[in-house]
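*Asks:* Below is the file coords.cif, with mmCIF, C-alpha atoms.
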data_coords
loop_
_atom_site.label_atom_id
_atom_site.label_comp_id
_atom_site.auth_asym_id
_atom_site.auth_seq_id
_atom_site.Cartn_x
_atom_site.Cartn_y
_atom_site.Cartn_z
CA MET A 1 30.90 -18.65 -25.60
CA GLY A 2 30.98 -16.14 -22.76
CA THR A 3 27.75 -14.52 -24.02
CA PHE A 4 25.98 -17.89 -24.20
CA VAL A 5 27.05 -18.83 -20.66
CA GLN A 6 25.98 -15.40 -19.39
CA LEU A 7 22.53 -15.77 -20.98
CA VAL A 8 22.08 -19.26 -19.50
CA ILE A 9 23.11 -18.16 -16.02
CA ASP A 10 20.92 -15.05 -16.14
CA GLY A 11 18.05 -17.25 -17.36
CA LEU A 12 18.51 -19.67 -14.45
CA SER A 13 18.49 -16.72 -12.05
CA ALA A 14 15.27 -15.31 -13.55
CA GLY A 15 13.76 -18.79 -13.65
CA SER A 16 14.45 -19.24 -9.95
CA ILE A 17 12.37 -16.13 -9.26
CA TYR A 18 9.49 -17.55 -11.31
CA ALA A 19 9.91 -20.92 -9.56
CA ALA A 20 9.57 -19.35 -6.10
CA LEU A 21 6.03 -18.23 -6.90
CA ALA A 22 5.20 -21.34 -8.94
CA LEU A 23 6.01 -23.58 -5.97
CA ALA A 24 3.53 -21.67 -3.81
CA ILE A 25 0.86 -22.14 -6.51
CA VAL A 26 1.60 -25.88 -6.62
CA LEU A 27 1.43 -26.13 -2.85
CA VAL A 28 -2.02 -24.55 -2.57
CA ASN A 29 -3.23 -26.67 -5.51
CA GLN A 30 -1.97 -29.90 -3.97
CA ALA A 31 -3.59 -28.94 -0.66
CA THR A 32 -6.93 -27.62 -1.93
CA GLY A 33 -7.26 -28.53 -5.63
CA LEU A 34 -7.50 -24.82 -6.51
CA ILE A 35 -5.26 -22.57 -8.61
CA ASN A 36 -4.76 -19.46 -6.50
CA PHE A 37 -4.31 -16.38 -8.70
CA ALA A 38 -3.97 -14.27 -5.55
CA GLN A 39 -0.69 -15.96 -4.65
CA GLY A 40 1.35 -13.15 -6.18
CA GLY A 41 -0.53 -10.51 -4.20
CA MET A 42 -0.12 -12.50 -0.99
CA ALA A 43 3.63 -12.70 -1.63
CA VAL A 44 3.77 -8.92 -2.13
CA LEU A 45 1.84 -8.35 1.09
CA ALA A 46 4.29 -10.63 2.94
CA ALA A 47 7.21 -8.63 1.54
CA TYR A 48 5.59 -5.44 2.86
CA PHE A 49 5.17 -7.12 6.26
CA ALA A 50 8.89 -7.93 6.29
CA TYR A 51 9.75 -4.40 5.13
CA SER A 52 7.72 -2.91 7.98
CA PHE A 53 9.44 -5.16 10.54
CA ILE A 54 12.83 -4.06 9.17
CA GLN A 55 11.82 -0.40 9.49
CA TRP A 56 11.01 -1.09 13.14
CA GLY A 57 14.59 -2.30 13.71
CA VAL A 58 14.03 -6.06 13.40
CA PRO A 59 16.97 -7.95 11.80
CA LEU A 60 16.36 -9.11 8.22
CA ILE A 61 16.22 -12.87 8.88
CA LEU A 62 13.89 -12.43 11.84
CA ALA A 63 11.73 -10.01 9.84
CA ILE A 64 11.30 -12.62 7.08
CA LEU A 65 10.46 -15.31 9.63
CA LEU A 66 7.87 -13.03 11.25
CA SER A 67 6.39 -12.24 7.83
CA MET A 68 6.15 -15.99 7.15
CA LEU A 69 4.29 -16.47 10.43
CA ALA A 70 1.95 -13.55 9.71
CA SER A 71 1.37 -14.87 6.18
CA PHE A 72 0.57 -18.36 7.49
CA VAL A 73 -2.08 -16.92 9.80
CA LEU A 74 -3.46 -14.67 7.07
CA GLY A 75 -3.62 -17.53 4.56
CA ALA A 76 -5.45 -19.74 7.04
CA LEU A 77 -7.94 -16.96 7.83
CA ILE A 78 -8.57 -16.29 4.12
CA GLU A 79 -9.40 -19.96 3.60
CA ARG A 80 -11.60 -20.14 6.69
CA PHE A 81 -13.66 -16.98 6.24
CA LEU A 82 -13.57 -16.36 2.48
CA MET A 83 -12.63 -19.31 0.29
CA ARG A 84 -14.58 -21.91 2.26
CA ARG A 85 -17.81 -20.26 1.15
CA PHE A 86 -16.96 -21.15 -2.47
CA GLU A 87 -15.07 -24.46 -2.16
CA GLN A 88 -18.17 -26.63 -2.47
CA GLY A 89 -19.51 -24.73 -5.47
CA ASP A 90 -18.34 -24.22 -9.03
CA PRO A 91 -14.49 -24.26 -9.15
CA ASP A 92 -14.58 -21.43 -11.69
CA THR A 93 -16.29 -19.21 -9.12
CA ALA A 94 -13.50 -19.85 -6.61
CA VAL A 95 -10.89 -18.97 -9.24
CA VAL A 96 -12.67 -15.67 -9.97
CA VAL A 97 -12.69 -14.98 -6.22
CA THR A 98 -8.90 -15.40 -6.08
CA ILE A 99 -8.53 -12.93 -8.96
CA GLY A 100 -10.67 -10.44 -7.04
CA LEU A 101 -8.58 -11.12 -3.94
CA LEU A 102 -5.42 -10.33 -5.94
CA THR A 103 -6.87 -6.95 -6.94
CA LEU A 104 -7.95 -6.22 -3.37
CA ILE A 105 -4.56 -7.07 -1.85
CA THR A 106 -2.69 -5.01 -4.47
CA GLY A 107 -4.92 -2.01 -3.78
CA LEU A 108 -4.52 -2.36 -0.01
CA CYS A 109 -0.72 -2.52 -0.32
CA GLY A 110 -0.74 0.67 -2.37
CA TRP A 111 -3.11 2.39 0.05
CA ILE A 112 -1.11 1.47 3.17
CA TRP A 113 2.48 1.64 1.90
CA SER A 114 1.98 3.84 -1.23
CA PHE A 115 2.81 2.94 -4.82
CA ASN A 116 6.37 4.31 -4.59
CA ASN A 117 9.36 2.06 -5.21
CA LEU A 118 10.90 0.85 -1.95
CA GLN A 119 14.31 -0.77 -1.50
CA PHE A 120 14.19 -4.20 0.12
CA PRO A 121 17.50 -5.51 1.54
CA SER A 122 18.99 -8.67 0.06
CA LEU A 123 19.53 -11.89 1.97
CA PHE A 124 22.79 -12.44 0.11
CA PRO A 125 25.90 -10.30 -0.49
CA LEU A 126 25.80 -8.00 -3.49
CA GLN A 127 28.96 -9.41 -5.01
CA ASN A 128 29.80 -10.98 -8.37
CA ILE A 129 31.99 -13.93 -9.28
CA ASN A 130 33.34 -15.08 -12.64
CA VAL A 131 32.14 -18.43 -14.03
CA LEU A 132 33.41 -19.52 -17.47
CA GLY A 133 33.69 -15.92 -18.56
CA ALA A 134 30.24 -14.97 -17.24
CA VAL A 135 29.54 -12.62 -14.35
CA VAL A 136 27.34 -14.28 -11.73
CA SER A 137 25.95 -12.55 -8.68
CA VAL A 138 26.10 -14.26 -5.31
CA ARG A 139 22.45 -13.27 -4.87
CA SER A 140 21.48 -15.29 -7.96
CA ILE A 141 23.35 -18.34 -6.68
CA GLY A 142 21.80 -18.01 -3.25
CA THR A 143 18.29 -17.62 -4.69
CA THR A 144 18.74 -20.71 -6.85
CA LEU A 145 19.99 -22.79 -3.91
CA VAL A 146 17.05 -21.68 -1.75
CA ILE A 147 14.60 -22.66 -4.51
CA VAL A 148 16.24 -26.09 -4.89
CA GLY A 149 15.97 -26.61 -1.13
CA ILE A 150 12.28 -25.63 -1.07
CA MET A 151 11.60 -27.89 -4.06
CA ILE A 152 13.13 -30.88 -2.26
CA LEU A 153 11.23 -30.15 0.95
CA LEU A 154 7.91 -29.86 -0.89
CA GLN A 155 8.52 -33.11 -2.74
CA LEU A 156 9.30 -34.85 0.55
CA LEU A 157 6.23 -33.26 2.17
CA PHE A 158 3.81 -34.61 -0.43
CA ILE A 159 5.27 -38.09 -0.86
CA GLY A 160 6.84 -38.88 2.51
CA THR A 161 4.78 -37.35 5.32
CA LYS A 162 1.35 -38.02 6.75
CA LEU A 163 0.50 -34.31 6.55
CA GLY A 164 1.36 -34.19 2.84
CA LEU A 165 -0.65 -37.31 2.06
CA ALA A 166 -3.59 -35.96 4.05
CA LEU A 167 -3.44 -32.64 2.18
CA ARG A 168 -3.45 -34.47 -1.16
CA ALA A 169 -6.34 -36.67 -0.08
CA VAL A 170 -8.41 -33.63 0.90
CA ALA A 171 -7.62 -31.90 -2.40
CA VAL A 172 -8.60 -34.94 -4.49
CA ASN A 173 -11.80 -35.91 -2.66
CA PRO A 174 -12.75 -33.96 0.47
CA GLN A 175 -15.89 -36.05 1.06
CA SER A 176 -14.01 -39.35 1.15
CA ALA A 177 -11.28 -37.75 3.25
CA ALA A 178 -13.91 -36.62 5.78
CA PHE A 179 -15.39 -40.13 5.90
CA SER A 180 -11.88 -41.43 6.62
CA GLY A 181 -11.68 -39.24 9.69
CA LEU A 182 -9.44 -36.49 8.33
CA PRO A 183 -10.14 -32.95 9.65
CA VAL A 184 -10.84 -31.47 6.21
CA GLY A 185 -11.43 -27.90 7.37
CA ARG A 186 -8.23 -27.70 9.39
CA LEU A 187 -6.19 -29.30 6.60
CA LEU A 188 -7.49 -26.77 4.08
CA MET A 189 -6.50 -23.97 6.45
CA VAL A 190 -3.03 -25.50 6.87
CA GLY A 191 -2.65 -25.81 3.09
CA TRP A 192 -3.48 -22.15 2.49
CA GLY A 193 -1.29 -21.13 5.41
CA LEU A 194 1.72 -23.09 4.14
CA ALA A 195 1.29 -21.66 0.63
CA ALA A 196 1.12 -18.12 2.04
CA ALA A 197 4.27 -18.73 4.12
CA LEU A 198 6.04 -20.03 1.03
CA GLY A 199 4.85 -16.94 -0.80
CA ALA A 200 6.54 -14.86 1.91
CA ILE A 201 9.85 -16.52 1.01
CA ALA A 202 9.19 -15.80 -2.66
CA GLY A 203 8.51 -12.15 -1.89
CA ALA A 204 11.70 -11.84 0.15
CA LEU A 205 13.72 -13.37 -2.71
CA ILE A 206 12.12 -11.33 -5.50
CA ALA A 207 11.85 -7.88 -3.86
CA PRO A 208 15.64 -7.20 -3.74
CA SER A 209 16.00 -8.12 -7.43
CA LEU A 210 13.26 -5.64 -8.38
CA THR A 211 11.93 -2.88 -6.17
CA LEU A 212 9.15 -3.36 -3.66
CA THR A 213 5.92 -2.11 -5.24
CA PRO A 214 2.33 -3.40 -5.10
CA GLY A 215 2.58 -4.66 -8.69
CA MET A 216 6.05 -6.18 -8.56
CA MET A 217 4.70 -9.74 -8.88
CA ASP A 218 2.48 -9.14 -11.90
CA ALA A 219 5.00 -10.24 -14.53
CA ALA A 220 6.43 -12.97 -12.29
CA LEU A 221 2.91 -14.38 -11.78
CA VAL A 222 2.45 -14.80 -15.55
CA TYR A 223 5.73 -16.69 -15.82
CA ALA A 224 4.96 -18.72 -12.70
CA LEU A 225 1.61 -19.84 -14.11
CA ALA A 226 3.38 -20.77 -17.35
CA ALA A 227 5.87 -22.84 -15.34
CA VAL A 228 3.02 -24.56 -13.49
CA ILE A 229 1.33 -25.51 -16.76
CA LEU A 230 4.57 -26.68 -18.35
CA GLY A 231 5.88 -28.60 -15.35
CA GLY A 232 2.60 -30.06 -14.14
CA LEU A 233 0.45 -29.10 -11.16
CA SER A 234 1.39 -32.28 -9.29
CA SER A 235 5.18 -31.89 -9.46
CA PRO A 236 7.27 -29.37 -7.47
CA ILE A 237 10.35 -30.60 -9.31
CA GLY A 238 8.57 -30.18 -12.63
CA VAL A 239 7.61 -26.54 -12.07
CA VAL A 240 11.15 -25.60 -11.02
CA VAL A 241 12.65 -27.26 -14.09
CA ALA A 242 9.99 -25.60 -16.28
CA ALA A 243 10.70 -22.18 -14.72
CA TRP A 244 14.41 -22.61 -15.44
CA MET A 245 13.61 -23.65 -19.00
CA ILE A 246 11.48 -20.55 -19.51
CA GLY A 247 14.14 -18.24 -18.10
CA VAL A 248 16.94 -19.72 -20.20
CA LEU A 249 15.01 -20.12 -23.46
CA GLU A 250 13.55 -16.61 -23.42
CA ASN A 251 17.03 -15.15 -22.90
CA LEU A 252 18.51 -17.24 -25.72
CA ALA A 253 15.60 -16.46 -28.04
CA ALA A 254 15.90 -12.73 -27.35
CA VAL A 255 19.52 -12.73 -28.56
CA TYR A 256 19.73 -15.51 -31.15
CA VAL A 257 16.28 -15.40 -32.79
CA PRO A 258 16.11 -12.18 -34.87
CA PHE A 259 12.32 -11.77 -35.12
CA ILE A 260 11.78 -12.18 -31.36
CA GLY A 261 14.27 -9.88 -29.66
CA PHE A 262 13.83 -8.53 -26.13
CA ASP A 263 10.45 -6.94 -26.86
CA LEU A 264 8.76 -10.24 -27.78
CA LYS A 265 10.62 -12.66 -25.53
CA ILE A 266 7.55 -12.92 -23.27
CA ALA A 267 5.98 -14.92 -26.14
CA VAL A 268 8.46 -17.76 -25.51
CA PRO A 269 6.64 -19.33 -22.52
CA PHE A 270 3.33 -19.21 -24.39
CA ILE A 271 4.85 -20.95 -27.40
CA LEU A 272 6.23 -23.60 -25.03
CA ILE A 273 2.81 -24.02 -23.41
CA PHE A 274 1.18 -24.47 -26.82
CA ILE A 275 3.67 -27.19 -27.79
CA VAL A 276 3.59 -29.02 -24.45
CA LEU A 277 -0.20 -29.02 -24.19
CA ILE A 278 -0.40 -30.69 -27.59
CA VAL A 279 2.12 -33.39 -26.68
CA ARG A 280 1.53 -33.80 -22.91
CA PRO A 281 -1.61 -32.01 -21.64
CA GLN A 282 -0.73 -32.93 -18.04
CA GLY A 283 2.63 -31.11 -18.27
CA LEU A 284 6.16 -32.40 -18.63
CA PHE A 285 6.28 -33.95 -15.15
CA GLY A 286 2.57 -34.16 -14.35
CA ARG A 287 0.46 -37.29 -13.94
CA LYS A 288 -2.61 -38.23 -15.94
CA ASP A 289 -5.83 -38.25 -13.93
CA VAL A 290 -7.49 -41.65 -14.20
CA VAL A 291 -11.22 -41.69 -13.49
CA ARG A 292 -12.70 -45.08 -12.58
CA VAL A 293 -16.40 -45.70 -12.86
#
Just dump the structure as structure tokens.

*Replies:*
Amino acid sequence: MGTFVQLVIDGLSAGSIYAALALAIVLVNQATGLINFAQGGMAVLAAYFAYSFIQWGVPLILAILLSMLASFVLGALIERFLMRRFEQGDPDTAVVVTIGLLTLITGLCGWIWSFNNLQFPSLFPLQNINVLGAVVSVRSIGTTLVIVGIMILLQLLFIGTKLGLALRAVAVNPQSAAFSGLPVGRLLMVGWGLAAALGAIAGALIAPSLTLTPGMMDAALVYALAAVILGGLSSPIGVVVAAWMIGVLENLAAVYVPFIGFDLKIAVPFILIFIVLIVRPQGLFGRKDVVRV
């Protein structure tokens, strides 16, 4: 029983890390209608910003807040001077641009800060507590609570605020939104800026669990995209639940399914995606798009 509880708790902790990045992907999609593959790289860059502030003697909390501000500005500038050139064209072209942007950001991080492993301080105490015979770190609990809080705030943003509704309107139909008087350009910049700031939080949560390197988000990005597909692009709650499912099920499969083991546990999210796409193509919590003629 203790082993099972430990696997579930460790899975929830890992899933919270995936969810942090998945929420940023959902945010930029809800604001612009685009899946941003560069989100992982932007989160890494934000973590390096925070690391640099810390090296200059800035307290950790303030360093993270400053990195969020810098990331917001950077995200808005990327939308204004890069992505806007492709937003009216083929969506596939814009996606390819984000992949190229991911490569560029990763290379710049390595060039500026090197490819060596750097230690990023944790927001939470490095202590463990015992829960039903399982050892749980305070950092895991804190990360999970932060993710739940962000999930609730994003859900409230999109369904209960004028800004959230305006962002969704621009993402669905920018032409109609412009005819309605909405400042489409500024809203797109705000959407990218908010997603980048959220990515800064993800970077600050993930970096202490791993080590700060330019490629630290590569594996997390794969799991985050799986969570987005499983949970549904329109549901912050859905992607968090899906990320937790992935984290827990891959841990359980690695131990209790003989032919999978730890080497093949990365196949678990792809098996889940295959099953869910057959049953519910819009994701577990997503909405069907209805096109009226």

*Asks:* Assuming the chain letters and numbering stay as they are in my file, what does the PyMOL selection byres ((chain A and resi 11) around 12) actually select? List them as a ChimeraX atom specification.

*Replies:* /A:4-10,12-19,136,140-141,144,241-254,265

*Asks:* Give the answer as one residue: which of A:Glu87, A:Met151, A:Ala70, A:Ala20 has the shortest atom-to-atom distance to Pro174 in chain A, using only C-alpha atoms?

*Replies:* A:Glu87

*Asks:* How close does range 16-67 of chain A get to range 91-105 of chain A? List, as a tab-separated table, each residue of range 16-67 of chain A within 7 Å, its nearest atom pair and the distance in Å to one decimal, counting all atoms listed in the file.

*Replies:*
residue	atom	partner	partner_atom	distance
A:Ile35	CA	A:Val95	CA	6.7
A:Asn36	CA	A:Thr98	CA	5.8
A:Phe37	CA	A:Thr98	CA	5.4
A:Ala38	CA	A:Leu102	CA	4.2
A:Gly41	CA	A:Leu102	CA	5.2

*Asks:* Can you work out the spacing between CA of Val44 in chain A and CA of Gly203 in chain A in Å, to one decimal?

*Replies:*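 Interatomic distance, CA of Val44 in chain A to CA of Gly203 in chain A: 5.7 Å.
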
*Asks:* Which value, in Å to one decimal, gives the distance between CA of Ser67 in chain A and CA of Ile159 in chain A?

*Replies:* 27.3 Å

*Asks:* Take the PyMOL selection byres ((chain A and resi 194) around 9), run it mentally on this structure, and tell me the resulting residues as a ChimeraX atom specification.

*Replies:* /A:24,27-28,68,71-72,75-76,189-193,195-199

*Asks:* May I have the selected residues written with C-alpha atoms, as a compact mmCIF listing (two decimals), in the frame of the given file?

*Replies:*
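For reference, result-v8.txt as written:
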# COMPACT_ATOMS: atom_id res chain seq x y z
CA ALA A 24 3.53 -21.67 -3.81
CA LEU A 27 1.43 -26.13 -2.85
CA VAL A 28 -2.02 -24.55 -2.57
CA MET A 68 6.15 -15.99 7.15
CA SER A 71 1.37 -14.87 6.18
CA PHE A 72 0.57 -18.36 7.49
CA GLY A 75 -3.62 -17.53 4.56
CA ALA A 76 -5.45 -19.74 7.04
CA MET A 189 -6.50 -23.97 6.45
CA VAL A 190 -3.03 -25.50 6.87
CA GLY A 191 -2.65 -25.81 3.09
CA TRP A 192 -3.48 -22.15 2.49
CA GLY A 193 -1.29 -21.13 5.41
CA ALA A 195 1.29 -21.66 0.63
CA ALA A 196 1.12 -18.12 2.04
CA ALA A 197 4.27 -18.73 4.12
CA LEU A 198 6.04 -20.03 1.03
CA GLY A 199 4.85 -16.94 -0.80

*Asks:* Rank A:Val268, A:Leu82, A:Met217, A:Leu187 by their smallest atom-to-atom distance to Gln39 in chain A, using all atoms listed in the file, and report the top residue only.

*Replies:*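 Smallest distance to Gln39 in chain A is found for A:Met217.
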
*Asks:* Measuring between all atoms listed in the file, which one of A:Ala178, A:Leu277, A:Ala267, A:Leu205 shows the shortest distance to Ile147 in chain A?

*Replies:*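 Using all atoms listed in the file, Ile147 in chain A sits closest to A:Leu205.
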
*Asks:* Name the residues that the PyMOL selection byres ((chain A and resi 155) around 12) picks from the file above, as a list in words, using the file's chain letters and numbers.

*Replies:*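 Applying the expression gives Leu23, Val26, Leu27, Gln30, Val148, Gly149, Ile150, Met151, Ile152, Leu153, Leu154, Leu156, Leu157, Phe158, Ile159, Gly160, Thr161, Gly164, Leu165, Ser234, Ser235, Pro236, Ile237, Gly238, Val239 and Val240 of chain A.
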
*Asks:* With C-alpha atoms kept, could you save the residues just selected as a CSV table (one decimal), in the frame of the given file?

*Replies:*
chain,number,residue,atom,x,y,z
A,23,LEU,CA,6.0,-23.6,-6.0
A,26,VAL,CA,1.6,-25.9,-6.6
A,27,LEU,CA,1.4,-26.1,-2.8
A,30,GLN,CA,-2.0,-29.9,-4.0
A,148,VAL,CA,16.2,-26.1,-4.9
A,149,GLY,CA,16.0,-26.6,-1.1
A,150,ILE,CA,12.3,-25.6,-1.1
A,151,MET,CA,11.6,-27.9,-4.1
A,152,ILE,CA,13.1,-30.9,-2.3
A,153,LEU,CA,11.2,-30.2,1.0
A,154,LEU,CA,7.9,-29.9,-0.9
A,156,LEU,CA,9.3,-34.8,0.6
A,157,LEU,CA,6.2,-33.3,2.2
A,158,PHE,CA,3.8,-34.6,-0.4
A,159,ILE,CA,5.3,-38.1,-0.9
A,160,GLY,CA,6.8,-38.9,2.5
A,161,THR,CA,4.8,-37.4,5.3
A,164,GLY,CA,1.4,-34.2,2.8
A,165,LEU,CA,-0.6,-37.3,2.1
A,234,SER,CA,1.4,-32.3,-9.3
A,235,SER,CA,5.2,-31.9,-9.5
A,236,PRO,CA,7.3,-29.4,-7.5
A,237,ILE,CA,10.4,-30.6,-9.3
A,238,GLY,CA,8.6,-30.2,-12.6
A,239,VAL,CA,7.6,-26.5,-12.1
A,240,VAL,CA,11.2,-25.6,-11.0

*Asks:* With all atoms listed in the file as the atoms that count, which of A:Leu145, A:Ser137, A:Thr32, A:Thr3 lies nearest to Leu233 in chain A?

*Replies:*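 The closest residue to Leu233 in chain A is A:Thr32.
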
*Asks:* For Phe270 in chain A, find every residue with an atom within 10 Å (counting only C-alpha atoms), except residues of its own chain fewer than 2 positions away, and show them as number ranges by chain.

*Replies:* A: 222-223, 226, 230, 246, 265-268, 272-276

*Asks:* Which polymer residues have any atom within 6 Å of an atom of range 278-283 of chain A, counting only C-alpha atoms, with same-chain residues fewer than 6 positions away left out, as a list of chain:residue names?

*Replies:*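 Listed by chain and then number, they are A:Ile229, A:Leu230, A:Gly231, A:Gly232.
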
*Asks:* For a quick check of understanding, using only C-alpha atoms, which of A:Ala204, A:Ala177, A:Ala22, A:Val184 has the smallest distance to Phe49 in chain A?

*Replies:* A:Ala204

*Asks:* Using only C-alpha atoms, pick whichever of A:Leu123, A:Ala207, A:Ile201, A:Leu167 has the shortest atom-to-atom distance to Leu69 in chain A.

*Replies:*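 Nearest to Leu69 in chain A: A:Ile201.
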
*Asks:* So the first atom is CA of Ile78 in chain A and the second is CA of Pro208 in chain A; what is the distance between them in Å, to one decimal place?

*Replies:* 27.0 Å
